[in-house]
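final29.txt (compact mmCIF, C-alpha atoms (C1' of nucleotides) and all ligand atoms)
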# COMPACT_ATOMS: atom_id res chain seq x y z
CA MET Z 1 -25.77 -13.24 34.86
CA LYS Z 2 -22.03 -12.84 35.23
CA GLN Z 3 -21.88 -16.61 35.56
CA GLU Z 4 -22.81 -17.01 31.92
CA VAL Z 5 -20.14 -14.71 30.51
CA GLU Z 6 -17.50 -16.25 32.73
CA ILE Z 7 -18.27 -19.70 31.38
CA MET Z 8 -18.27 -18.32 27.89
CA LEU Z 9 -14.82 -16.82 28.30
CA LYS Z 10 -13.39 -19.93 29.86
CA SER Z 11 -14.75 -22.09 27.07
CA LYS Z 12 -12.70 -19.98 24.67
CA GLU Z 13 -9.68 -20.22 26.92
CA ILE Z 14 -9.75 -16.56 27.82
CA ASN Z 15 -8.84 -15.60 31.37
CA PRO Z 16 -12.11 -14.13 32.71
CA THR Z 17 -11.01 -10.84 34.24
CA VAL Z 18 -13.57 -8.33 35.44
CA ASN Z 19 -12.82 -6.09 32.49
CA ARG Z 20 -13.29 -8.84 29.97
CA MET Z 21 -16.53 -9.97 31.54
CA LEU Z 22 -17.93 -6.46 31.40
CA VAL Z 23 -16.94 -6.05 27.77
CA LEU Z 24 -18.38 -9.41 26.78
CA ASP Z 25 -21.55 -8.67 28.70
CA TYR Z 26 -21.89 -5.41 26.84
CA LEU Z 27 -21.32 -7.05 23.47
CA LEU Z 28 -23.91 -9.72 24.20
CA GLU Z 29 -26.57 -7.09 24.90
CA LEU Z 30 -25.77 -5.29 21.70
CA LYS Z 31 -28.14 -5.64 18.76
CA SER Z 32 -25.54 -4.68 16.18
CA SER Z 33 -21.78 -4.50 15.90
CA ILE Z 34 -19.63 -1.77 17.40
CA SER Z 35 -16.42 0.07 16.62
CA LEU Z 36 -13.58 0.48 19.08
CA THR Z 37 -14.35 4.18 19.38
CA ASP Z 38 -18.03 3.63 20.12
CA LEU Z 39 -17.18 0.96 22.63
CA GLU Z 40 -14.86 3.42 24.32
CA LEU Z 41 -17.70 5.92 24.52
CA SER Z 42 -20.07 3.33 25.94
CA LEU Z 43 -17.71 1.95 28.56
CA GLU Z 44 -16.10 5.14 29.70
CA SER Z 45 -14.17 3.72 32.62
CA PHE Z 46 -12.00 1.62 30.30
CA ASP Z 47 -8.84 2.72 28.64
CA ARG Z 48 -8.99 2.65 24.87
CA VAL Z 49 -5.95 0.41 24.60
CA THR Z 50 -7.40 -2.08 27.05
CA LEU Z 51 -10.52 -2.30 24.93
CA TYR Z 52 -8.40 -2.63 21.83
CA ARG Z 53 -6.47 -5.52 23.30
CA THR Z 54 -9.58 -7.09 24.73
CA LEU Z 55 -11.24 -7.12 21.33
CA LYS Z 56 -8.07 -8.43 19.77
CA THR Z 57 -7.92 -11.30 22.23
CA PHE Z 58 -11.60 -12.04 21.72
CA GLU Z 59 -11.08 -12.14 17.99
CA GLU Z 60 -8.04 -14.37 18.15
CA ARG Z 61 -9.88 -16.86 20.35
CA GLY Z 62 -12.90 -16.96 18.07
CA LEU Z 63 -15.30 -15.10 20.33
CA VAL Z 64 -15.93 -12.04 18.17
CA HIS Z 65 -15.38 -11.34 14.52
CA LYS Z 66 -14.13 -8.23 12.84
CA ILE Z 67 -16.31 -6.49 10.27
CA GLU Z 68 -15.13 -4.04 7.68
CA ASP Z 69 -18.28 -1.98 7.39
CA GLY Z 70 -17.58 -0.82 3.87
CA MET Z 71 -17.13 2.79 4.95
CA GLY Z 72 -13.63 2.34 6.31
CA ILE Z 73 -14.64 1.61 9.88
CA THR Z 74 -13.79 -1.65 11.62
CA LYS Z 75 -16.47 -3.07 13.85
CA PHE Z 76 -16.77 -6.09 16.10
CA ALA Z 77 -19.60 -8.46 16.83
CA ILE Z 78 -20.09 -11.66 18.77
CA CYS Z 79 -19.57 -14.73 16.64
CA GLN Z 80 -22.79 -16.53 15.96
CA ASP Z 81 -21.43 -19.75 14.67
CA SER Z 82 -18.95 -22.27 15.89
CA CYS Z 83 -15.87 -20.15 15.45
CA GLU Z 84 -12.58 -21.31 16.84
CA ALA Z 85 -9.29 -19.70 17.74
CA GLY Z 86 -7.56 -18.74 14.52
CA MET Z 87 -10.48 -19.92 12.41
CA HIS Z 88 -13.71 -18.04 11.91
CA HIS Z 89 -16.68 -19.48 10.11
CA ASP Z 90 -18.97 -16.48 9.91
CA LEU Z 91 -19.82 -16.45 6.26
CA HIS Z 92 -22.95 -14.38 6.66
CA VAL Z 93 -23.87 -11.11 5.03
CA HIS Z 94 -23.38 -7.79 6.81
CA PHE Z 95 -25.69 -4.85 6.37
CA TYR Z 96 -24.62 -1.24 6.72
CA CYS Z 97 -27.36 1.32 7.28
CA HIS Z 98 -26.73 4.71 5.73
CA SER Z 99 -29.20 6.27 8.13
CA CYS Z 100 -28.13 5.03 11.58
CA LYS Z 101 -24.58 4.08 10.49
CA GLN Z 102 -24.89 0.74 12.23
CA THR Z 103 -23.66 -2.54 10.82
CA PHE Z 104 -25.77 -5.62 11.38
CA CYS Z 105 -24.90 -9.27 11.14
CA LEU Z 106 -27.44 -11.16 9.09
CA PRO Z 107 -26.58 -14.64 10.35
CA LYS Z 108 -29.38 -16.27 8.42
CA THR Z 109 -28.30 -14.73 5.14
CA GLN Z 110 -25.40 -16.72 3.79
CA ILE Z 111 -23.00 -15.44 1.16
CA PRO Z 112 -23.84 -17.27 -2.05
CA GLU Z 113 -21.14 -19.26 -3.79
CA VAL Z 114 -19.21 -17.34 -6.44
CA LYS Z 115 -17.44 -18.80 -9.42
CA LEU Z 116 -14.04 -17.16 -9.74
CA PRO Z 117 -11.88 -16.89 -12.84
CA GLU Z 118 -9.37 -19.65 -13.36
CA ASN Z 119 -6.48 -19.95 -10.88
CA TYR Z 120 -7.97 -17.70 -8.25
CA GLN Z 121 -7.99 -19.51 -4.91
CA ARG Z 122 -10.64 -18.41 -2.49
CA GLN Z 123 -9.97 -18.36 1.25
CA GLU Z 124 -12.50 -15.91 2.73
CA MET Z 125 -15.38 -13.78 1.56
CA GLU Z 126 -17.08 -10.63 2.80
CA LEU Z 127 -20.35 -9.34 1.49
CA ILE Z 128 -21.54 -5.93 2.64
CA VAL Z 129 -24.98 -4.77 1.64
CA LYS Z 130 -25.63 -1.10 2.17
CA GLY Z 131 -28.97 0.61 2.42
CA ILE Z 132 -31.61 1.33 5.07
CA CYS Z 133 -32.09 -1.04 7.94
CA SER Z 134 -35.40 -2.40 9.20
CA VAL Z 135 -35.51 0.06 12.09
CA CYS Z 136 -34.77 3.17 10.05
CA VAL Z 137 -37.05 2.23 7.17
CA LYS Z 138 -40.19 2.85 9.20
CA MET B 1 -1.37 8.17 -26.72
CA LYS B 2 -2.04 11.31 -24.71
CA GLN B 3 -4.79 12.04 -27.14
CA GLU B 4 -6.80 9.14 -25.84
CA VAL B 5 -6.67 10.09 -22.18
CA GLU B 6 -7.50 13.69 -22.99
CA ILE B 7 -10.63 12.62 -24.80
CA MET B 8 -11.49 10.33 -21.95
CA LEU B 9 -11.23 13.12 -19.42
CA LYS B 10 -13.25 15.52 -21.51
CA SER B 11 -15.99 12.96 -22.01
CA LYS B 12 -16.35 12.86 -18.23
CA GLU B 13 -16.28 16.64 -18.05
CA ILE B 14 -12.94 16.77 -16.31
CA ASN B 15 -10.56 19.57 -17.21
CA PRO B 16 -7.63 17.69 -18.82
CA THR B 17 -4.63 19.11 -17.02
CA VAL B 18 -1.18 17.60 -17.45
CA ASN B 19 -1.34 16.11 -13.97
CA ARG B 20 -4.69 14.49 -14.52
CA MET B 21 -3.63 13.04 -17.85
CA LEU B 22 -0.55 11.47 -16.29
CA VAL B 23 -2.57 9.99 -13.45
CA LEU B 24 -5.22 8.61 -15.76
CA ASP B 25 -2.55 7.23 -18.07
CA TYR B 26 -0.96 5.46 -15.14
CA LEU B 27 -4.25 4.02 -13.95
CA LEU B 28 -5.06 2.72 -17.41
CA GLU B 29 -1.78 0.79 -17.57
CA LEU B 30 -2.42 -0.74 -14.19
CA LYS B 31 -3.53 -4.35 -13.99
CA SER B 32 -5.05 -3.98 -10.53
CA SER B 33 -6.28 -1.21 -8.27
CA ILE B 34 -4.07 1.10 -6.26
CA SER B 35 -4.13 2.94 -2.95
CA LEU B 36 -3.40 6.62 -2.57
CA THR B 37 -0.14 5.84 -0.81
CA ASP B 38 1.04 3.46 -3.51
CA LEU B 39 0.08 5.94 -6.19
CA GLU B 40 2.16 8.53 -4.39
CA LEU B 41 5.12 6.16 -4.42
CA SER B 42 4.68 5.45 -8.11
CA LEU B 43 4.28 9.03 -9.22
CA GLU B 44 6.83 10.67 -7.01
CA SER B 45 6.71 14.11 -8.54
CA PHE B 46 3.11 14.61 -7.43
CA ASP B 47 2.02 15.93 -4.12
CA ARG B 48 -0.06 13.53 -2.06
CA VAL B 49 -2.93 16.00 -1.76
CA THR B 50 -3.01 16.62 -5.47
CA LEU B 51 -3.33 12.89 -6.06
CA TYR B 52 -5.99 12.69 -3.39
CA ARG B 53 -8.03 15.42 -5.04
CA THR B 54 -7.43 13.99 -8.48
CA LEU B 55 -8.77 10.61 -7.45
CA LYS B 56 -11.68 12.27 -5.71
CA THR B 57 -12.56 14.20 -8.83
CA PHE B 58 -12.22 11.08 -10.96
CA GLU B 59 -14.50 9.20 -8.63
CA GLU B 60 -17.12 11.92 -8.51
CA ARG B 61 -17.23 12.08 -12.29
CA GLY B 62 -17.58 8.32 -12.69
CA LEU B 63 -14.11 7.64 -14.06
CA VAL B 64 -12.75 5.49 -11.24
CA HIS B 65 -14.40 3.61 -8.42
CA LYS B 66 -13.34 3.24 -4.82
CA ILE B 67 -12.70 -0.21 -3.43
CA GLU B 68 -12.61 -1.14 0.23
CA ASP B 69 -10.09 -3.94 0.03
CA GLY B 70 -11.36 -5.70 3.13
CA MET B 71 -8.14 -5.00 5.02
CA GLY B 72 -8.93 -1.39 5.83
CA ILE B 73 -7.23 0.11 2.80
CA THR B 74 -9.08 2.14 0.20
CA LYS B 75 -8.06 1.53 -3.39
CA PHE B 76 -9.03 2.97 -6.73
CA ALA B 77 -9.54 1.44 -10.15
CA ILE B 78 -10.76 2.59 -13.52
CA CYS B 79 -14.46 2.00 -13.99
CA GLN B 80 -15.17 -0.75 -16.45
CA ASP B 81 -18.82 -0.12 -17.03
CA SER B 82 -20.89 2.82 -17.99
CA CYS B 83 -20.49 4.71 -14.77
CA GLU B 84 -21.70 8.25 -14.55
CA ALA B 85 -21.06 11.21 -12.31
CA GLY B 86 -22.65 10.49 -8.97
CA MET B 87 -23.77 7.04 -10.05
CA HIS B 88 -21.52 4.03 -10.27
CA HIS B 89 -22.67 0.73 -11.71
CA ASP B 90 -19.70 -1.48 -10.90
CA LEU B 91 -21.40 -4.37 -9.20
CA HIS B 92 -18.57 -6.80 -9.80
CA VAL B 93 -16.62 -8.87 -7.32
CA HIS B 94 -13.24 -7.74 -6.02
CA PHE B 95 -10.44 -10.10 -5.14
CA TYR B 96 -7.83 -9.41 -2.49
CA CYS B 97 -4.62 -11.45 -2.68
CA HIS B 98 -3.05 -12.25 0.68
CA SER B 99 0.27 -12.86 -1.06
CA CYS B 100 0.84 -9.76 -3.21
CA LYS B 101 -1.67 -7.59 -1.30
CA GLN B 102 -3.20 -6.42 -4.53
CA THR B 103 -6.90 -6.00 -5.14
CA PHE B 104 -8.28 -6.99 -8.52
CA CYS B 105 -11.52 -6.11 -10.21
CA LEU B 106 -13.28 -9.17 -11.57
CA PRO B 107 -15.55 -7.36 -14.01
CA LYS B 108 -16.97 -10.58 -15.41
CA THR B 109 -17.92 -11.90 -12.00
CA GLN B 110 -21.12 -10.25 -10.91
CA ILE B 111 -22.34 -10.12 -7.34
CA PRO B 112 -25.21 -12.58 -7.05
CA GLU B 113 -28.57 -11.40 -5.85
CA VAL B 114 -29.14 -11.74 -2.12
CA LYS B 115 -32.46 -12.07 -0.37
CA LEU B 116 -32.47 -9.81 2.67
CA PRO B 117 -34.62 -10.11 5.79
CA GLU B 118 -37.87 -8.20 5.74
CA ASN B 119 -37.73 -4.39 5.71
CA TYR B 120 -34.09 -4.12 4.79
CA GLN B 121 -33.72 -1.87 1.76
CA ARG B 122 -30.70 -2.52 -0.39
CA GLN B 123 -28.88 0.33 -2.12
CA GLU B 124 -25.35 -0.94 -2.81
CA MET B 125 -23.37 -4.14 -2.40
CA GLU B 126 -19.69 -5.00 -2.08
CA LEU B 127 -18.32 -8.49 -2.29
CA ILE B 128 -14.67 -9.06 -1.47
CA VAL B 129 -13.18 -12.48 -2.01
CA LYS B 130 -9.83 -13.03 -0.36
CA GLY B 131 -7.27 -15.64 -1.22
CA ILE B 132 -4.43 -16.15 -3.66
CA CYS B 133 -4.53 -14.49 -7.06
CA SER B 134 -3.81 -16.15 -10.37
CA VAL B 135 -0.31 -14.72 -10.54
CA CYS B 136 0.76 -15.71 -7.03
CA VAL B 137 -0.80 -19.15 -7.21
CA LYS B 138 1.81 -20.43 -9.64
C1' DT H 1 7.88 -15.04 50.10
C1' DA H 2 10.00 -14.50 45.72
C1' DA H 3 10.01 -15.16 41.01
C1' DA H 4 7.34 -15.49 36.81
C1' DC H 5 3.67 -14.23 34.21
C1' DA H 6 -0.59 -11.69 32.77
C1' DT H 7 -3.26 -7.56 32.60
C1' DT H 8 -3.84 -2.79 32.48
C1' DG H 9 -3.05 2.38 31.85
C1' DC H 10 -0.62 6.15 30.00
C1' DA H 11 2.27 8.14 26.61
C1' DA H 12 3.93 8.09 22.27
C1' DT H 13 4.00 6.77 17.54
C1' DA H 14 2.27 5.38 12.85
C1' DC H 15 -0.43 6.30 9.22
C1' DA H 16 -4.41 7.14 6.10
C1' DG H 17 -7.50 10.68 5.18
C1' DT H 18 -8.79 15.42 5.02
C1' DT H 19 -8.89 20.60 5.30
C1' DG H 20 -7.11 25.52 5.04
C1' DC H 21 -4.65 28.70 2.89
C1' DA H 22 -1.38 30.95 -0.20
C1' DT H 23 0.38 30.75 -4.72
C1' DG H 24 0.38 30.19 -9.57
C1' DC H 25 -2.01 29.61 -13.91
C1' DC H 26 -5.16 30.79 -17.59
C1' DG H 27 -8.86 32.74 -19.93
C1' DT H 28 -12.16 36.80 -19.71
C1' DT H 29 -13.53 41.46 -18.81
C1' DT H 30 -12.67 46.26 -18.46
C1' DA E 1 -2.34 45.99 -20.89
C1' DA E 2 -4.11 45.61 -16.39
C1' DA E 3 -7.40 43.76 -13.40
C1' DC E 4 -10.40 40.09 -12.33
C1' DG E 5 -12.15 35.50 -11.55
C1' DG E 6 -12.09 30.61 -11.18
C1' DC E 7 -9.54 26.47 -11.10
C1' DA E 8 -5.42 23.66 -9.94
C1' DT E 9 -1.64 22.82 -7.11
C1' DG E 10 1.63 22.47 -3.09
C1' DC E 11 2.66 22.83 1.62
C1' DA E 12 1.49 22.69 6.33
C1' DA E 13 -1.47 21.39 9.63
C1' DC E 14 -5.03 18.64 11.66
C1' DT E 15 -8.16 14.57 12.38
C1' DG E 16 -9.23 9.98 13.64
C1' DT E 17 -8.04 5.25 14.10
C1' DA E 18 -4.80 1.69 14.90
C1' DT E 19 -0.76 0.13 17.21
C1' DT E 20 3.44 -0.19 20.17
C1' DG E 21 6.53 0.58 24.36
C1' DC E 22 7.00 0.64 28.86
C1' DA E 23 6.13 0.97 33.57
C1' DA E 24 2.84 -0.23 37.24
C1' DT E 25 -0.15 -3.33 39.09
C1' DG E 26 -2.27 -7.68 39.89
C1' DT E 27 -2.24 -12.78 39.86
C1' DT E 28 -0.32 -17.38 39.78
C1' DT E 29 3.34 -20.60 40.67
C1' DA E 30 7.45 -22.58 42.63
MN MN Z 201 -21.23 -10.85 11.55
MN MN Z 202 -13.71 -2.86 -9.48
ZN ZN Z 203 -30.52 2.02 10.43
ZN ZN Z 204 -1.32 -12.05 -5.73
Would you mind giving the structure from this file in structure tokens?
Amino acid sequence: MKQEVEIMLKSKEINPTVNRMLVLDYLLELKSSISLTDLELSLESFDRVTLYRTLKTFEERGLVHKIEDGMGITKFAICQDSCEAGMHHDLHVHFYCHSCKQTFCLPKTQIPEVKLPENYQRQEMELIVKGICSVCVK
Amino acid sequence: MKQEVEIMLKSKEINPTVNRMLVLDYLLELKSSISLTDLELSLESFDRVTLYRTLKTFEERGLVHKIEDGMGITKFAICQDSCEAGMHHDLHVHFYCHSCKQTFCLPKTQIPEVKLPENYQRQEMELIVKGICSVCVK
DNA sequence: TAAACATTGCAATACAGTTGCATGCCGTTT
DNA sequence: AAACGGCATGCAACTGTATTGCAATGTTTA
């Protein structure tokens, strides 16, 4: 079990400390993304700043990606694709549920190409769809 | 000049105070959207809270729309379309410029339809494209 | 072992957003 | 005219999240 996360961290050139392994393990179990505050509530023994820096390191090394959930909250989720340090490739849609307030990665739903006005140079895109998720809809 | 903004406010059922007319006038001149903090810097004589409540009122009455700029900052821009109180219809793309940090409405660029996984119910969408704007690209 | 470096925790700060309350303004009622 | 009411405004205070500084601790290297 812990073997897996350790390998994962090393492959991203992240020093696999106990803390980092526990955080990564937690993120891997997670069905949706999570905010720093909620992570702090879930892993009570950790200091908030440690979690903050852990997530920051993970993001910089291409292990998790940051999600602006469209309601002003930043969330984090494990990268699905072949993201690298300093270069993320997650161009999938994110879904914010008004009912459970969770934000889901929809890795199979790509952001469609958009034709911009002249002289606008695209670098990244973020598409947030808001509504009711498949759990809450029932 | 002031005539126009007064009519505009009344048509949205907003009491046209001097403050509100000045704010609306400023927003109409603006080429892009603006954050509360930047608005405060531009209209120094106004209290921050007054501006906050003014923008909130404008948004509730369908005069401006809120934009999450994808970098954690909330911005505001005049509604282009036929927005109503409690019901906005701005489904256009927004563009964030990494160079000038401004966020532009692209009213002619609609958000394309997206097919969601089963049981996800869409209510709103937000598409942010990030890159270099047409002014900074030159 | 000693120096060098990395990780962590605690305190403090930065900053956007928001609320509470007192005051002032303006039109209406008595 | 005086009293009343509702709305608009300003100031202070508070919230919540993000971020930095620094000291303490742990780990690696020479
Ligand atoms: Mn994602
Ligand atoms: Mn817009
Ligand atoms: Zn839900
Ligand atoms: Zn620009």
Between Z:Lys101, Z:Arg48, Z:Lys66, Z:His94, single out the one closest to ligand ZN 203 (chain Z), counting all atoms listed in the file.
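Using all atoms listed in the file, the shortest distance to ligand ZN 203 (chain Z) belongs to Z:Lys101.
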Open item on the list: Give me, as number ranges by chain, all polymer residues having an atom no more than 12 Å from Glu59 in chain B, counting only C-alpha atoms (C1' of nucleotides) and skipping those fewer than 5 positions away in the same chain.
Closed with: B: 9, 12, 14, 24, 52-54, 64-67, 75-79, 83-88
Return as a CSV table (one decimal) with C-alpha atoms, keeping the file's coordinate frame every polymer residue, whether protein, DNA or RNA, with at least one atom no more than 12 Å from an atom of ligand MN 202 (chain Z); count only C-alpha atoms (C1' of nucleotides) and all ligand atoms.
chain,number,residue,atom,x,y,z
B,31,LYS,CA,-3.5,-4.4,-14.0
B,32,SER,CA,-5.0,-4.0,-10.5
B,33,SER,CA,-6.3,-1.2,-8.3
B,34,ILE,CA,-4.1,1.1,-6.3
B,63,LEU,CA,-14.1,7.6,-14.1
B,64,VAL,CA,-12.8,5.5,-11.2
B,65,HIS,CA,-14.4,3.6,-8.4
B,66,LYS,CA,-13.3,3.2,-4.8
B,67,ILE,CA,-12.7,-0.2,-3.4
B,68,GLU,CA,-12.6,-1.1,0.2
B,69,ASP,CA,-10.1,-3.9,0.0
B,74,THR,CA,-9.1,2.1,0.2
B,75,LYS,CA,-8.1,1.5,-3.4
B,76,PHE,CA,-9.0,3.0,-6.7
B,77,ALA,CA,-9.5,1.4,-10.2
B,78,ILE,CA,-10.8,2.6,-13.5
B,79,CYS,CA,-14.5,2.0,-14.0
B,80,GLN,CA,-15.2,-0.8,-16.4
B,81,ASP,CA,-18.8,-0.1,-17.0
B,83,CYS,CA,-20.5,4.7,-14.8
B,88,HIS,CA,-21.5,4.0,-10.3
B,89,HIS,CA,-22.7,0.7,-11.7
B,90,ASP,CA,-19.7,-1.5,-10.9
B,91,LEU,CA,-21.4,-4.4,-9.2
B,92,HIS,CA,-18.6,-6.8,-9.8
B,93,VAL,CA,-16.6,-8.9,-7.3
B,94,HIS,CA,-13.2,-7.7,-6.0
B,95,PHE,CA,-10.4,-10.1,-5.1
B,96,TYR,CA,-7.8,-9.4,-2.5
B,103,THR,CA,-6.9,-6.0,-5.1
B,104,PHE,CA,-8.3,-7.0,-8.5
B,105,CYS,CA,-11.5,-6.1,-10.2
B,106,LEU,CA,-13.3,-9.2,-11.6
B,107,PRO,CA,-15.6,-7.4,-14.0
B,108,LYS,CA,-17.0,-10.6,-15.4
B,109,THR,CA,-17.9,-11.9,-12.0
B,110,GLN,CA,-21.1,-10.2,-10.9
B,111,ILE,CA,-22.3,-10.1,-7.3
B,126,GLU,CA,-19.7,-5.0,-2.1
B,127,LEU,CA,-18.3,-8.5,-2.3
B,128,ILE,CA,-14.7,-9.1,-1.5
Would you write out, as a tab-separated table, a table of all residues in chain Z that have an atom no more than 9 Å from an atom of chain H, listing for each the closest atom pair and the distance in Å to one decimal, considering only C-alpha atoms (C1' of nucleotides) and ordering rows by chain and rising residue number?
residue	atom	partner	partner_atom	distance
Z:Thr17	CA	H:DT7	C1'	8.6
Z:Asp47	CA	H:DG9	C1'	6.6
Z:Val49	CA	H:DG9	C1'	8.1
Z:Thr50	CA	H:DT8	C1'	6.5
How would chain B read as a short mmCIF file (atom, residue, chain, number, x, y, z; two decimals) with C-alpha atoms, keeping the file's coordinate frame once least-squares superposed on chain Z using all paired C-alpha atoms?
data_model
loop_
_atom_site.label_atom_id
_atom_site.label_comp_id
_atom_site.auth_asym_id
_atom_site.auth_seq_id
_atom_site.Cartn_x
_atom_site.Cartn_y
_atom_site.Cartn_z
CA MET B 1 -25.81 -13.25 34.87
CA LYS B 2 -22.07 -12.83 35.29
CA GLN B 3 -21.89 -16.55 35.63
CA GLU B 4 -22.81 -16.99 32.02
CA VAL B 5 -20.17 -14.69 30.58
CA GLU B 6 -17.51 -16.21 32.81
CA ILE B 7 -18.28 -19.65 31.48
CA MET B 8 -18.28 -18.30 27.98
CA LEU B 9 -14.84 -16.79 28.39
CA LYS B 10 -13.41 -19.91 29.96
CA SER B 11 -14.78 -22.08 27.18
CA LYS B 12 -12.74 -19.98 24.77
CA GLU B 13 -9.71 -20.19 27.03
CA ILE B 14 -9.78 -16.54 27.93
CA ASN B 15 -8.85 -15.55 31.46
CA PRO B 16 -12.13 -14.10 32.81
CA THR B 17 -11.05 -10.80 34.29
CA VAL B 18 -13.59 -8.25 35.48
CA ASN B 19 -12.85 -6.04 32.49
CA ARG B 20 -13.31 -8.81 29.99
CA MET B 21 -16.56 -9.93 31.58
CA LEU B 22 -17.97 -6.41 31.39
CA VAL B 23 -16.96 -6.04 27.76
CA LEU B 24 -18.40 -9.40 26.79
CA ASP B 25 -21.57 -8.64 28.72
CA TYR B 26 -21.93 -5.40 26.82
CA LEU B 27 -21.34 -7.05 23.46
CA LEU B 28 -23.93 -9.71 24.20
CA GLU B 29 -26.60 -7.08 24.89
CA LEU B 30 -25.79 -5.30 21.67
CA LYS B 31 -28.14 -5.67 18.73
CA SER B 32 -25.52 -4.71 16.16
CA SER B 33 -21.75 -4.53 15.90
CA ILE B 34 -19.61 -1.80 17.38
CA SER B 35 -16.39 0.04 16.58
CA LEU B 36 -13.55 0.47 19.03
CA THR B 37 -14.30 4.17 19.32
CA ASP B 38 -17.98 3.64 20.04
CA LEU B 39 -17.14 0.96 22.57
CA GLU B 40 -14.85 3.44 24.27
CA LEU B 41 -17.68 5.94 24.43
CA SER B 42 -20.05 3.36 25.87
CA LEU B 43 -17.71 2.00 28.48
CA GLU B 44 -16.09 5.19 29.62
CA SER B 45 -14.17 3.78 32.54
CA PHE B 46 -12.01 1.65 30.26
CA ASP B 47 -8.87 2.75 28.59
CA ARG B 48 -8.97 2.67 24.80
CA VAL B 49 -5.94 0.39 24.59
CA THR B 50 -7.40 -2.06 27.05
CA LEU B 51 -10.52 -2.29 24.92
CA TYR B 52 -8.39 -2.66 21.82
CA ARG B 53 -6.46 -5.54 23.33
CA THR B 54 -9.60 -7.09 24.74
CA LEU B 55 -11.26 -7.14 21.35
CA LYS B 56 -8.09 -8.46 19.79
CA THR B 57 -7.94 -11.30 22.28
CA PHE B 58 -11.63 -12.05 21.77
CA GLU B 59 -11.11 -12.16 18.04
CA GLU B 60 -8.06 -14.39 18.22
CA ARG B 61 -9.91 -16.86 20.42
CA GLY B 62 -12.95 -17.00 18.14
CA LEU B 63 -15.34 -15.11 20.39
CA VAL B 64 -15.97 -12.07 18.20
CA HIS B 65 -15.40 -11.39 14.54
CA LYS B 66 -14.13 -8.27 12.83
CA ILE B 67 -16.30 -6.56 10.26
CA GLU B 68 -15.12 -4.10 7.65
CA ASP B 69 -18.24 -2.00 7.41
CA GLY B 70 -17.55 -0.86 3.87
CA MET B 71 -17.06 2.75 4.97
CA GLY B 72 -13.55 2.28 6.30
CA ILE B 73 -14.54 1.54 9.88
CA THR B 74 -13.73 -1.72 11.60
CA LYS B 75 -16.44 -3.12 13.83
CA PHE B 76 -16.77 -6.11 16.10
CA ALA B 77 -19.61 -8.50 16.83
CA ILE B 78 -20.10 -11.67 18.80
CA CYS B 79 -19.60 -14.76 16.69
CA GLN B 80 -22.82 -16.57 16.02
CA ASP B 81 -21.44 -19.82 14.75
CA SER B 82 -18.97 -22.32 15.98
CA CYS B 83 -15.92 -20.18 15.53
CA GLU B 84 -12.64 -21.34 16.92
CA ALA B 85 -9.34 -19.74 17.81
CA GLY B 86 -7.61 -18.80 14.59
CA MET B 87 -10.52 -20.00 12.48
CA HIS B 88 -13.73 -18.09 11.98
CA HIS B 89 -16.69 -19.55 10.15
CA ASP B 90 -18.96 -16.52 9.94
CA LEU B 91 -19.77 -16.47 6.27
CA HIS B 92 -22.91 -14.42 6.65
CA VAL B 93 -23.85 -11.15 5.02
CA HIS B 94 -23.39 -7.84 6.81
CA PHE B 95 -25.68 -4.88 6.38
CA TYR B 96 -24.59 -1.27 6.71
CA CYS B 97 -27.34 1.29 7.31
CA HIS B 98 -26.70 4.69 5.76
CA SER B 99 -29.19 6.23 8.18
CA CYS B 100 -28.09 5.01 11.62
CA LYS B 101 -24.56 4.05 10.50
CA GLN B 102 -24.85 0.72 12.24
CA THR B 103 -23.64 -2.56 10.83
CA PHE B 104 -25.75 -5.65 11.40
CA CYS B 105 -24.90 -9.30 11.14
CA LEU B 106 -27.44 -11.20 9.08
CA PRO B 107 -26.57 -14.67 10.35
CA LYS B 108 -29.37 -16.31 8.40
CA THR B 109 -28.28 -14.78 5.13
CA GLN B 110 -25.36 -16.73 3.78
CA ILE B 111 -22.97 -15.45 1.16
CA PRO B 112 -23.80 -17.24 -2.08
CA GLU B 113 -21.14 -19.20 -3.87
CA VAL B 114 -19.24 -17.27 -6.52
CA LYS B 115 -17.48 -18.71 -9.53
CA LEU B 116 -14.10 -17.04 -9.88
CA PRO B 117 -11.97 -16.71 -13.01
CA GLU B 118 -9.44 -19.45 -13.58
CA ASN B 119 -6.52 -19.75 -11.14
CA TYR B 120 -7.99 -17.54 -8.47
CA GLN B 121 -7.96 -19.38 -5.15
CA ARG B 122 -10.60 -18.33 -2.68
CA GLN B 123 -9.88 -18.29 1.05
CA GLU B 124 -12.40 -15.87 2.58
CA MET B 125 -15.33 -13.76 1.45
CA GLU B 126 -17.04 -10.63 2.74
CA LEU B 127 -20.33 -9.35 1.46
CA ILE B 128 -21.54 -5.96 2.63
CA VAL B 129 -24.99 -4.80 1.64
CA LYS B 130 -25.64 -1.12 2.18
CA GLY B 131 -28.97 0.59 2.46
CA ILE B 132 -31.60 1.30 5.08
CA CYS B 133 -32.07 -1.07 7.99
CA SER B 134 -35.36 -2.42 9.25
CA VAL B 135 -35.48 0.03 12.13
CA CYS B 136 -34.74 3.16 10.10
CA VAL B 137 -37.01 2.19 7.24
CA LYS B 138 -40.16 2.81 9.26
#
**Q.** Within 8 Å of ligand ZN 203 (chain Z) (only C-alpha atoms (C1' of nucleotides) and all ligand atoms), residues as a PyMOL selection string
**A.** chain Z and resi 96-102+132-137
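The space between CA of Arg61 in chain B and CA of Glu13 in chain B spans 7.4 Å.
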Can you work out the spacing between CA of Leu116 in chain B and CA of Met71 in chain B in Å, to one decimal?
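Taking CA of Leu116 in chain B and CA of Met71 in chain B, their separation equals 24.9 Å.
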Could you check how far CA of Lys130 in chain Z sits from CA of Glu118 in chain B, in Å to one decimal?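 Separating CA of Lys130 in chain Z from CA of Glu118 in chain B is a distance of 14.6 Å.
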